[in-house]
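Participant: Below is the structure I would like to discuss, written out as C-alpha cells.
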Amino acid sequence: MAKGAAQKGKPKEAAPSAGASPRLPAGRHGLPREFIEQNQRERIITALVDTVAEKGYNATTVADITKAAAVSRRTFYEHFSDREACFLAAYEMVADHIRASMRAAAESFGEWPQQVRAALATMLRFLAAEPELARLCMVEPVAAGGEVAARYRQTMGDFVAILKAGRPEHSGERPLPETTEETLVGGVVSLIVREISAGRTAALEKLLPDLTELILAPYLGVEEAERLARSESG
C-alpha cells in the first residue's frame, strides 16, 4: 500500500500513502477471508488519506471514503465505528512509524546532540517524501479536534520526553524552565506546519540546520548549537 514508506521498512503495518490498493476481482476469487479483510482495511485507510489530503478532515465524509475505496458503507463499518476511528487508525500507523524511525536513527549515535539531529533528519525526510501523510499527521489533527487532537498532543508529548534527556547537557548558571521542551516542540511543529500548509512539504529537509540549532541552543548555548547544526548539515 505505501510507496515511500514501504521502501523504508516499517514495523507492523506499512504507513498508508496515496494510491489506492488494487481492488479485488469480483466473484468467487477463492482468497482467504483474512486477506480480503486486510485488503479492504488498507483500501479504506488509503482512501481516507487521499480524501483528507484533498478536502481536509472536517470536510471528508464516510461516503467520500467508501467511494474512493470502492467499498460499501457496510464494509466500512465492519472495520471502523466511524470516520474518527478510521482517521485514528491511519494516524497511529504513521506516528508509530515516525517514532520508530527516529528512535533507530538516534541510536546510531552515542552523543545526545547528534541523536537529536539524526532523529530530526529522519522525520523531515519522511514528511518531505510523503506529502499526504505529512498533512495527515501534522496539520489535520489540530483541526479535527476531539480524540484525534488528544492523540496528537500525546504524540507531541513523546517528543518532549526525547528533549528532556538533554537536560544534563545544560551547563548554564540558571536551570532550564520547566516548559523548555514543550516550547521547543511547539516551535518546531509550528515551522513544519507552516511549510506544509504553504505547499513546501518537499523542501522540509532544508529546515534541518535551523531546527537543530533551535533545539540545541537552550542546552548547549547559541554558539555551540550553531556550530553543531551547521557542521553536521553539510
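By order of appearance in the C-alpha cells: chains A, B, ..., then residues from 1 within every chain, and ligands from 1 in the order shown.
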Which residues, written as a PyMOL selection string, have at least one atom at most 12 Å from A:Leu220, with only C-alpha atoms counted and residues fewer than 6 positions away on the same chain left out?
Facilitator: chain A and resi 112-113+166-172+176+212-214+226-229
Participant: Export, as a CSV table (one decimal), in the first residue's frame, the selected residues with N, CA and C atoms.
Facilitator:
```
chain,number,residue,atom,x,y,z
A,112,TRP,N,24.0,12.9,22.7
A,112,TRP,CA,22.7,13.4,22.6
A,112,TRP,C,22.5,14.4,21.5
A,113,PRO,N,23.4,15.4,21.3
A,113,PRO,CA,23.2,16.4,20.2
A,113,PRO,C,23.1,15.7,18.8
A,166,GLY,N,18.1,15.7,27.2
A,166,GLY,CA,19.3,16.5,27.0
A,166,GLY,C,19.6,17.5,28.2
A,167,ARG,N,18.8,17.5,29.2
A,167,ARG,CA,19.0,18.4,30.3
A,167,ARG,C,20.3,18.3,31.0
A,168,PRO,N,20.9,17.1,31.1
A,168,PRO,CA,22.3,17.1,31.7
A,168,PRO,C,23.3,17.8,30.8
A,169,GLU,N,23.0,18.1,29.6
A,169,GLU,CA,23.9,18.8,28.7
A,169,GLU,C,24.0,20.3,29.1
A,170,HIS,N,23.0,20.8,29.8
A,170,HIS,CA,22.9,22.2,30.1
A,170,HIS,C,23.9,22.6,31.2
A,171,SER,N,24.7,23.6,30.9
A,171,SER,CA,25.8,24.0,31.9
A,171,SER,C,25.6,25.4,32.3
A,172,GLY,N,24.5,26.0,32.0
A,172,GLY,CA,24.2,27.4,32.4
A,172,GLY,C,24.1,27.5,33.9
A,176,LEU,N,17.1,25.2,33.4
A,176,LEU,CA,16.1,25.5,32.3
A,176,LEU,C,14.7,25.5,32.9
A,212,THR,N,17.7,22.1,14.2
A,212,THR,CA,18.7,21.6,15.1
A,212,THR,C,19.2,22.6,16.0
A,213,GLU,N,19.6,23.8,15.4
A,213,GLU,CA,20.1,24.9,16.3
A,213,GLU,C,19.1,25.4,17.3
A,214,LEU,N,17.8,25.5,16.8
A,214,LEU,CA,16.7,25.9,17.7
A,214,LEU,C,16.6,25.0,19.0
A,226,GLU,N,24.9,26.4,17.1
A,226,GLU,CA,25.1,26.8,15.7
A,226,GLU,C,26.2,26.0,15.0
A,227,ARG,N,27.3,25.8,15.8
A,227,ARG,CA,28.4,25.1,15.2
A,227,ARG,C,28.0,23.6,14.9
A,228,LEU,N,27.4,23.0,15.8
A,228,LEU,CA,27.0,21.6,15.5
A,228,LEU,C,25.9,21.5,14.4
A,229,ALA,N,25.0,22.4,14.4
A,229,ALA,CA,23.9,22.4,13.4
A,229,ALA,C,24.5,22.6,12.0
```
Participant: Name the residues in contact with A:Arg200 at a cut-off of 10 Å, using only C-alpha atoms, excluding same-chain residues fewer than 6 positions from it; report them as a short mmCIF file (atom, residue, chain, number, x, y, z; two decimals) with C-alpha atoms, in the first residue's frame.
Facilitator:
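That gives us selection19.cif:
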```cif
data_model
loop_
_atom_site.label_atom_id
_atom_site.label_comp_id
_atom_site.auth_asym_id
_atom_site.auth_seq_id
_atom_site.Cartn_x
_atom_site.Cartn_y
_atom_site.Cartn_z
CA ALA A 128 9.09 15.53 2.66
CA PRO A 131 3.13 14.98 1.49
CA ILE A 192 6.88 22.39 9.91
CA VAL A 193 3.13 23.01 9.71
CA ARG A 194 3.79 26.41 8.11
#
```
Participant: Please report the interatomic distance between atom CA of A:Ala68 and atom CA of A:Cys86 in Å with one decimal.
Facilitator: 13.9 Å
Participant: Which residues are close to A:Gln114, i.e. within 12 Å by only C-alpha atoms, leaving aside same-chain residues fewer than 3 positions away? Reply as a PDB file with all heavy atoms, in the first residue's frame.
Facilitator:
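Saved the output as result_33.pdb:
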```pdb
ATOM      1  N   ALA A 105      17.284   5.947  14.190  1.00  0.00           N
ATOM      2  CA  ALA A 105      18.308   6.883  13.709  1.00  0.00           C
ATOM      3  C   ALA A 105      19.128   7.435  14.876  1.00  0.00           C
ATOM      4  O   ALA A 105      20.353   7.544  14.794  1.00  0.00           O
ATOM      5  CB  ALA A 105      17.656   8.029  12.935  1.00  0.00           C
ATOM      6  N   ALA A 106      18.455   7.767  15.975  1.00  0.00           N
ATOM      7  CA  ALA A 106      19.146   8.331  17.136  1.00  0.00           C
ATOM      8  C   ALA A 106      20.095   7.320  17.766  1.00  0.00           C
ATOM      9  O   ALA A 106      21.186   7.678  18.236  1.00  0.00           O
ATOM     10  CB  ALA A 106      18.129   8.808  18.161  1.00  0.00           C
ATOM     11  N   GLU A 107      19.694   6.056  17.763  1.00  0.00           N
ATOM     12  CA  GLU A 107      20.508   5.022  18.402  1.00  0.00           C
ATOM     13  C   GLU A 107      21.823   4.768  17.670  1.00  0.00           C
ATOM     14  O   GLU A 107      22.696   4.079  18.206  1.00  0.00           O
ATOM     15  CB  GLU A 107      19.700   3.731  18.515  1.00  0.00           C
ATOM     16  CG  GLU A 107      18.585   3.813  19.560  1.00  0.00           C
ATOM     17  CD  GLU A 107      17.686   2.590  19.558  1.00  0.00           C
ATOM     18  OE1 GLU A 107      17.857   1.739  18.640  1.00  0.00           O
ATOM     19  OE2 GLU A 107      16.826   2.489  20.453  1.00  0.00           O
ATOM     20  N   SER A 108      21.959   5.324  16.476  1.00  0.00           N
ATOM     21  CA  SER A 108      23.209   5.175  15.736  1.00  0.00           C
ATOM     22  C   SER A 108      24.308   6.072  16.284  1.00  0.00           C
ATOM     23  O   SER A 108      25.469   5.954  15.883  1.00  0.00           O
ATOM     24  CB  SER A 108      22.982   5.495  14.251  1.00  0.00           C
ATOM     25  OG  SER A 108      22.030   4.616  13.687  1.00  0.00           O
ATOM     26  N   PHE A 109      23.939   6.988  17.187  1.00  0.00           N
ATOM     27  CA  PHE A 109      24.908   7.942  17.744  1.00  0.00           C
ATOM     28  C   PHE A 109      24.952   7.830  19.260  1.00  0.00           C
ATOM     29  O   PHE A 109      23.945   7.529  19.910  1.00  0.00           O
ATOM     30  CB  PHE A 109      24.532   9.370  17.337  1.00  0.00           C
ATOM     31  CG  PHE A 109      24.599   9.619  15.851  1.00  0.00           C
ATOM     32  CD1 PHE A 109      23.494   9.371  15.043  1.00  0.00           C
ATOM     33  CD2 PHE A 109      25.763  10.078  15.271  1.00  0.00           C
ATOM     34  CE1 PHE A 109      23.556   9.583  13.672  1.00  0.00           C
ATOM     35  CE2 PHE A 109      25.834  10.299  13.901  1.00  0.00           C
ATOM     36  CZ  PHE A 109      24.732  10.051  13.107  1.00  0.00           C
ATOM     37  N   GLY A 110      26.110   8.079  19.816  1.00  0.00           N
ATOM     38  CA  GLY A 110      26.269   7.986  21.256  1.00  0.00           C
ATOM     39  C   GLY A 110      25.995   9.278  21.995  1.00  0.00           C
ATOM     40  O   GLY A 110      25.634   9.264  23.171  1.00  0.00           O
ATOM     41  N   GLU A 111      26.188  10.423  21.317  1.00  0.00           N
ATOM     42  CA  GLU A 111      26.021  11.724  21.963  1.00  0.00           C
ATOM     43  C   GLU A 111      24.632  12.290  21.689  1.00  0.00           C
ATOM     44  O   GLU A 111      24.126  12.215  20.576  1.00  0.00           O
ATOM     45  CB  GLU A 111      27.081  12.699  21.460  1.00  0.00           C
ATOM     46  CG  GLU A 111      28.516  12.246  21.722  1.00  0.00           C
ATOM     47  CD  GLU A 111      28.813  12.165  23.207  1.00  0.00           C
ATOM     48  OE1 GLU A 111      28.264  12.999  23.960  1.00  0.00           O
ATOM     49  OE2 GLU A 111      29.583  11.273  23.622  1.00  0.00           O
ATOM     50  N   ARG A 117      19.820  15.544  16.105  1.00  0.00           N
ATOM     51  CA  ARG A 117      19.889  15.888  14.690  1.00  0.00           C
ATOM     52  C   ARG A 117      19.477  14.707  13.816  1.00  0.00           C
ATOM     53  O   ARG A 117      18.749  14.869  12.832  1.00  0.00           O
ATOM     54  CB  ARG A 117      21.289  16.349  14.303  1.00  0.00           C
ATOM     55  CG  ARG A 117      21.343  16.823  12.846  1.00  0.00           C
ATOM     56  CD  ARG A 117      22.742  17.126  12.357  1.00  0.00           C
ATOM     57  NE  ARG A 117      22.681  17.578  10.982  1.00  0.00           N
ATOM     58  CZ  ARG A 117      22.583  16.775   9.927  1.00  0.00           C
ATOM     59  NH1 ARG A 117      22.533  15.474  10.106  1.00  0.00           N
ATOM     60  NH2 ARG A 117      22.515  17.274   8.708  1.00  0.00           N
ATOM     61  N   ALA A 118      19.947  13.506  14.164  1.00  0.00           N
ATOM     62  CA  ALA A 118      19.599  12.326  13.371  1.00  0.00           C
ATOM     63  C   ALA A 118      18.101  12.059  13.401  1.00  0.00           C
ATOM     64  O   ALA A 118      17.493  11.718  12.368  1.00  0.00           O
ATOM     65  CB  ALA A 118      20.364  11.111  13.893  1.00  0.00           C
ATOM     66  N   ALA A 119      17.484  12.208  14.573  1.00  0.00           N
ATOM     67  CA  ALA A 119      16.049  11.995  14.683  1.00  0.00           C
ATOM     68  C   ALA A 119      15.272  13.034  13.874  1.00  0.00           C
ATOM     69  O   ALA A 119      14.316  12.706  13.161  1.00  0.00           O
ATOM     70  CB  ALA A 119      15.625  12.049  16.150  1.00  0.00           C
ATOM     71  N   LEU A 120      15.695  14.292  13.964  1.00  0.00           N
ATOM     72  CA  LEU A 120      15.045  15.349  13.183  1.00  0.00           C
ATOM     73  C   LEU A 120      15.175  15.105  11.685  1.00  0.00           C
ATOM     74  O   LEU A 120      14.214  15.256  10.927  1.00  0.00           O
ATOM     75  CB  LEU A 120      15.665  16.706  13.526  1.00  0.00           C
ATOM     76  CG  LEU A 120      15.066  17.503  14.678  1.00  0.00           C
ATOM     77  CD1 LEU A 120      15.918  18.732  14.941  1.00  0.00           C
ATOM     78  CD2 LEU A 120      13.625  17.900  14.383  1.00  0.00           C
ATOM     79  N   ALA A 121      16.374  14.733  11.264  1.00  0.00           N
ATOM     80  CA  ALA A 121      16.617  14.494   9.838  1.00  0.00           C
ATOM     81  C   ALA A 121      15.722  13.384   9.316  1.00  0.00           C
ATOM     82  O   ALA A 121      15.160  13.480   8.209  1.00  0.00           O
ATOM     83  CB  ALA A 121      18.087  14.144   9.610  1.00  0.00           C
ATOM     84  N   GLY A 166      18.143  15.671  27.234  1.00  0.00           N
ATOM     85  CA  GLY A 166      19.302  16.534  27.023  1.00  0.00           C
ATOM     86  C   GLY A 166      19.565  17.503  28.150  1.00  0.00           C
ATOM     87  O   GLY A 166      20.541  18.272  28.092  1.00  0.00           O
ATOM     88  N   THR A 212      17.668  22.134  14.188  1.00  0.00           N
ATOM     89  CA  THR A 212      18.684  21.558  15.075  1.00  0.00           C
ATOM     90  C   THR A 212      19.240  22.625  16.005  1.00  0.00           C
ATOM     91  O   THR A 212      19.374  22.417  17.217  1.00  0.00           O
ATOM     92  CB  THR A 212      19.828  20.935  14.254  1.00  0.00           C
ATOM     93  OG1 THR A 212      19.303  19.917  13.396  1.00  0.00           O
ATOM     94  CG2 THR A 212      20.885  20.327  15.163  1.00  0.00           C
ATOM     95  N   GLU A 213      19.554  23.784  15.447  1.00  0.00           N
ATOM     96  CA  GLU A 213      20.083  24.879  16.256  1.00  0.00           C
ATOM     97  C   GLU A 213      19.052  25.351  17.273  1.00  0.00           C
ATOM     98  O   GLU A 213      19.384  25.616  18.441  1.00  0.00           O
ATOM     99  CB  GLU A 213      20.501  26.031  15.351  1.00  0.00           C
ATOM    100  CG  GLU A 213      21.119  27.200  16.095  1.00  0.00           C
ATOM    101  CD  GLU A 213      21.563  28.322  15.172  1.00  0.00           C
ATOM    102  OE1 GLU A 213      21.607  28.104  13.936  1.00  0.00           O
ATOM    103  OE2 GLU A 213      21.848  29.422  15.679  1.00  0.00           O
ATOM    104  N   ILE A 215      16.708  23.686  18.730  1.00  0.00           N
ATOM    105  CA  ILE A 215      16.551  22.735  19.826  1.00  0.00           C
ATOM    106  C   ILE A 215      17.780  22.685  20.729  1.00  0.00           C
ATOM    107  O   ILE A 215      17.675  22.642  21.956  1.00  0.00           O
ATOM    108  CB  ILE A 215      16.242  21.334  19.270  1.00  0.00           C
ATOM    109  CG1 ILE A 215      14.823  21.297  18.702  1.00  0.00           C
ATOM    110  CG2 ILE A 215      16.406  20.265  20.349  1.00  0.00           C
ATOM    111  CD1 ILE A 215      14.451  19.985  18.056  1.00  0.00           C
ATOM    112  N   LEU A 216      18.961  22.714  20.133  1.00  0.00           N
ATOM    113  CA  LEU A 216      20.185  22.543  20.925  1.00  0.00           C
ATOM    114  C   LEU A 216      20.586  23.789  21.720  1.00  0.00           C
ATOM    115  O   LEU A 216      21.256  23.673  22.751  1.00  0.00           O
ATOM    116  CB  LEU A 216      21.342  22.134  20.010  1.00  0.00           C
ATOM    117  CG  LEU A 216      21.224  20.791  19.292  1.00  0.00           C
ATOM    118  CD1 LEU A 216      22.472  20.527  18.479  1.00  0.00           C
ATOM    119  CD2 LEU A 216      20.978  19.660  20.286  1.00  0.00           C
ATOM    120  N   ALA A 225      25.534  25.348  19.612  1.00  0.00           N
ATOM    121  CA  ALA A 225      24.400  24.817  18.862  1.00  0.00           C
ATOM    122  C   ALA A 225      24.515  25.147  17.381  1.00  0.00           C
ATOM    123  O   ALA A 225      24.282  24.296  16.516  1.00  0.00           O
ATOM    124  CB  ALA A 225      23.087  25.375  19.424  1.00  0.00           C
ATOM    125  N   LEU A 228      27.378  22.977  15.770  1.00  0.00           N
ATOM    126  CA  LEU A 228      26.976  21.604  15.524  1.00  0.00           C
ATOM    127  C   LEU A 228      25.931  21.489  14.412  1.00  0.00           C
ATOM    128  O   LEU A 228      26.020  20.603  13.552  1.00  0.00           O
ATOM    129  CB  LEU A 228      26.413  20.997  16.807  1.00  0.00           C
ATOM    130  CG  LEU A 228      27.430  20.690  17.908  1.00  0.00           C
ATOM    131  CD1 LEU A 228      26.715  20.268  19.183  1.00  0.00           C
ATOM    132  CD2 LEU A 228      28.402  19.616  17.466  1.00  0.00           C
ATOM    133  N   ALA A 229      24.988  22.414  14.413  1.00  0.00           N
ATOM    134  CA  ALA A 229      23.935  22.373  13.399  1.00  0.00           C
ATOM    135  C   ALA A 229      24.506  22.594  12.009  1.00  0.00           C
ATOM    136  O   ALA A 229      24.157  21.884  11.049  1.00  0.00           O
ATOM    137  CB  ALA A 229      22.862  23.418  13.704  1.00  0.00           C
ATOM    138  N   SER A 231      27.825  22.403  11.032  1.00  0.00           N
ATOM    139  CA  SER A 231      28.875  21.468  10.635  1.00  0.00           C
ATOM    140  C   SER A 231      28.273  20.137  10.210  1.00  0.00           C
ATOM    141  O   SER A 231      28.750  19.489   9.279  1.00  0.00           O
ATOM    142  CB  SER A 231      29.843  21.230  11.793  1.00  0.00           C
ATOM    143  OG  SER A 231      29.198  20.638  12.893  1.00  0.00           O
ATOM    144  N   GLU A 232      27.194  19.743  10.862  1.00  0.00           N
ATOM    145  CA  GLU A 232      26.573  18.474  10.520  1.00  0.00           C
ATOM    146  C   GLU A 232      25.711  18.559   9.266  1.00  0.00           C
ATOM    147  O   GLU A 232      25.446  17.582   8.612  1.00  0.00           O
ATOM    148  CB  GLU A 232      25.690  18.000  11.684  1.00  0.00           C
ATOM    149  CG  GLU A 232      26.456  17.629  12.923  1.00  0.00           C
ATOM    150  CD  GLU A 232      27.245  16.348  12.752  1.00  0.00           C
ATOM    151  OE1 GLU A 232      26.958  15.589  11.802  1.00  0.00           O
ATOM    152  OE2 GLU A 232      28.168  16.107  13.542  1.00  0.00           O
ATOM    153  N   SER A 233      25.275  19.780   8.933  1.00  0.00           N
ATOM    154  CA  SER A 233      24.351  19.935   7.808  1.00  0.00           C
ATOM    155  C   SER A 233      25.025  19.803   6.486  1.00  0.00           C
ATOM    156  O   SER A 233      24.385  19.608   5.448  1.00  0.00           O
ATOM    157  CB  SER A 233      23.648  21.295   7.876  1.00  0.00           C
ATOM    158  OG  SER A 233      24.575  22.338   7.689  1.00  0.00           O
TER     159      SER A 233
END
```
Participant: From the options A:Glu173, A:Glu132, A:Glu205, A:Asp96, which residue's atoms come nearest to A:Thr46, counting only C-alpha atoms?
Facilitator: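 Between A:Glu173, A:Glu132, A:Glu205, A:Asp96, the residue approaching A:Thr46 most closely is A:Glu132.
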Participant: When you look at A:Val185 with a cut-off of 12 Å (counting only C-alpha atoms), what residues show up, excluding the ones that are within fewer than 2 positions of it in the same chain? I need them as a PyMOL selection string.
Facilitator: chain A and resi 120+153+155-164+179-183+187-192+211-212+214-216
Participant: Go ahead and compute the interatomic distance for atom CA of A:Arg125 and atom CA of A:Ala198, in Å to one decimal.
Facilitator: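 Value for the atom CA of A:Arg125-atom CA of A:Ala198 distance: 17.5 Å.
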Participant: Could you pull the residues within 9 Å of A:Leu88, counting only C-alpha atoms, minus those fewer than 6 positions along the same chain, as JSON, numbers by chain?
Facilitator: {"A": [147, 148, 151]}
Participant: Would you write out those residues with all heavy atoms, as a PDB file, in the first residue's frame?
Facilitator:
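For reference, result-v3.pdb as written:
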```pdb
ATOM      1  N   GLU A 147     -10.861  13.278  19.979  1.00  0.00           N
ATOM      2  CA  GLU A 147      -9.881  12.246  20.276  1.00  0.00           C
ATOM      3  C   GLU A 147      -8.669  12.342  19.371  1.00  0.00           C
ATOM      4  O   GLU A 147      -7.550  12.018  19.772  1.00  0.00           O
ATOM      5  CB  GLU A 147     -10.524  10.862  20.140  1.00  0.00           C
ATOM      6  CG  GLU A 147      -9.592   9.700  20.426  1.00  0.00           C
ATOM      7  CD  GLU A 147      -9.043   9.698  21.846  1.00  0.00           C
ATOM      8  OE1 GLU A 147      -9.677  10.292  22.741  1.00  0.00           O
ATOM      9  OE2 GLU A 147      -7.983   9.080  22.059  1.00  0.00           O
ATOM     10  N   VAL A 148      -8.888  12.783  18.124  1.00  0.00           N
ATOM     11  CA  VAL A 148      -7.772  12.925  17.182  1.00  0.00           C
ATOM     12  C   VAL A 148      -6.766  13.940  17.708  1.00  0.00           C
ATOM     13  O   VAL A 148      -5.559  13.685  17.739  1.00  0.00           O
ATOM     14  CB  VAL A 148      -8.285  13.350  15.791  1.00  0.00           C
ATOM     15  CG1 VAL A 148      -7.118  13.643  14.864  1.00  0.00           C
ATOM     16  CG2 VAL A 148      -9.171  12.261  15.197  1.00  0.00           C
ATOM     17  N   ARG A 151      -4.889  12.573  20.742  1.00  0.00           N
ATOM     18  CA  ARG A 151      -3.836  11.626  20.380  1.00  0.00           C
ATOM     19  C   ARG A 151      -2.623  12.362  19.811  1.00  0.00           C
ATOM     20  O   ARG A 151      -1.484  11.975  20.050  1.00  0.00           O
ATOM     21  CB  ARG A 151      -4.387  10.634  19.353  1.00  0.00           C
ATOM     22  CG  ARG A 151      -3.598   9.356  19.221  1.00  0.00           C
ATOM     23  CD  ARG A 151      -3.770   8.467  20.453  1.00  0.00           C
ATOM     24  NE  ARG A 151      -5.155   8.109  20.660  1.00  0.00           N
ATOM     25  CZ  ARG A 151      -5.722   7.030  20.108  1.00  0.00           C
ATOM     26  NH1 ARG A 151      -5.020   6.249  19.312  1.00  0.00           N
ATOM     27  NH2 ARG A 151      -6.979   6.741  20.362  1.00  0.00           N
TER      28      ARG A 151
END
```
Participant: Taking the DSSP secondary structure from the backbone, can you list the residues of stretch 19-170 of chain A that are helix (DSSP H, G or I), as a PyMOL selection string?
Facilitator: chain A and resi 33-55+62-69+73-79+83-106+112-129+131-138+140-144+146-164+167-169
Participant: Name the closest residue to A:Ala143 among the candidates A:Val94, A:Ala59, A:Leu124, A:Val222; distances are taken between atoms, counting only C-alpha atoms.
Facilitator: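 With only C-alpha atoms as the atom set, the closest residue is A:Ala59.
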Participant: Using only C-alpha atoms for the distances, tell me which of A:Asp50, A:Ser72, A:Met102, A:Leu204 is nearest to A:Ala129.
Facilitator: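 Of all the options, A:Leu204 lies closest to A:Ala129.
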Participant: Within 8 Å of A:Thr51, counting only C-alpha atoms, which residues show up once you throw out same-chain ones fewer than 2 positions away? Write them as a list of chain:residue names, please.
Facilitator: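 Contacts, in chain order: A:Ala47, A:Leu48, A:Val49, A:Ala53, A:Glu54, A:Lys55, A:Gly56, A:Thr60, A:Asp64, A:Ile65, A:Ala68.
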Participant: Output N, CA, C and O atoms of each residue in that selection to a file, as a short mmCIF file (atom, residue, chain, number, x, y, z; two decimals), in the first residue's frame.
Facilitator:
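Everything below was put into selection-v2.cif:
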```cif
data_model
loop_
_atom_site.label_atom_id
_atom_site.label_comp_id
_atom_site.auth_asym_id
_atom_site.auth_seq_id
_atom_site.Cartn_x
_atom_site.Cartn_y
_atom_site.Cartn_z
N ALA A 47 -7.85 5.35 1.19
CA ALA A 47 -8.86 6.28 0.68
C ALA A 47 -9.03 7.47 1.62
O ALA A 47 -9.19 8.62 1.18
N LEU A 48 -9.01 7.20 2.92
CA LEU A 48 -9.11 8.31 3.88
C LEU A 48 -7.93 9.27 3.72
O LEU A 48 -8.11 10.49 3.71
N VAL A 49 -6.72 8.72 3.62
CA VAL A 49 -5.53 9.57 3.46
C VAL A 49 -5.67 10.45 2.23
O VAL A 49 -5.43 11.67 2.28
N ALA A 53 -6.30 14.53 2.30
CA ALA A 53 -5.30 15.38 1.65
C ALA A 53 -5.96 16.34 0.66
O ALA A 53 -5.52 17.49 0.50
N GLU A 54 -7.04 15.90 0.04
CA GLU A 54 -7.72 16.73 -0.96
C GLU A 54 -8.71 17.70 -0.34
O GLU A 54 -8.78 18.87 -0.73
N LYS A 55 -9.48 17.24 0.66
CA LYS A 55 -10.59 18.03 1.16
C LYS A 55 -10.42 18.52 2.59
O LYS A 55 -11.14 19.42 3.02
N GLY A 56 -9.49 17.93 3.34
CA GLY A 56 -9.38 18.23 4.76
C GLY A 56 -10.25 17.28 5.56
O GLY A 56 -11.27 16.78 5.08
N THR A 60 -14.32 15.80 4.97
CA THR A 60 -14.36 14.42 4.49
C THR A 60 -15.49 13.66 5.17
O THR A 60 -15.65 13.72 6.39
N ASP A 64 -17.44 9.82 1.14
CA ASP A 64 -16.25 10.12 0.35
C ASP A 64 -15.24 8.98 0.43
O ASP A 64 -14.63 8.58 -0.57
N ILE A 65 -15.06 8.47 1.64
CA ILE A 65 -14.07 7.41 1.86
C ILE A 65 -14.49 6.11 1.17
O ILE A 65 -13.67 5.47 0.49
N ALA A 68 -14.03 6.38 -2.62
CA ALA A 68 -12.63 6.31 -3.04
C ALA A 68 -12.06 4.91 -2.84
O ALA A 68 -11.19 4.47 -3.61
#
```
Participant: Work out how far atom CA of A:Tyr77 is from atom CA of A:Arg99, in Å to one decimal.
Facilitator: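 Interatomic distance, atom CA of A:Arg99 to atom CA of A:Tyr77: 29.0 Å.
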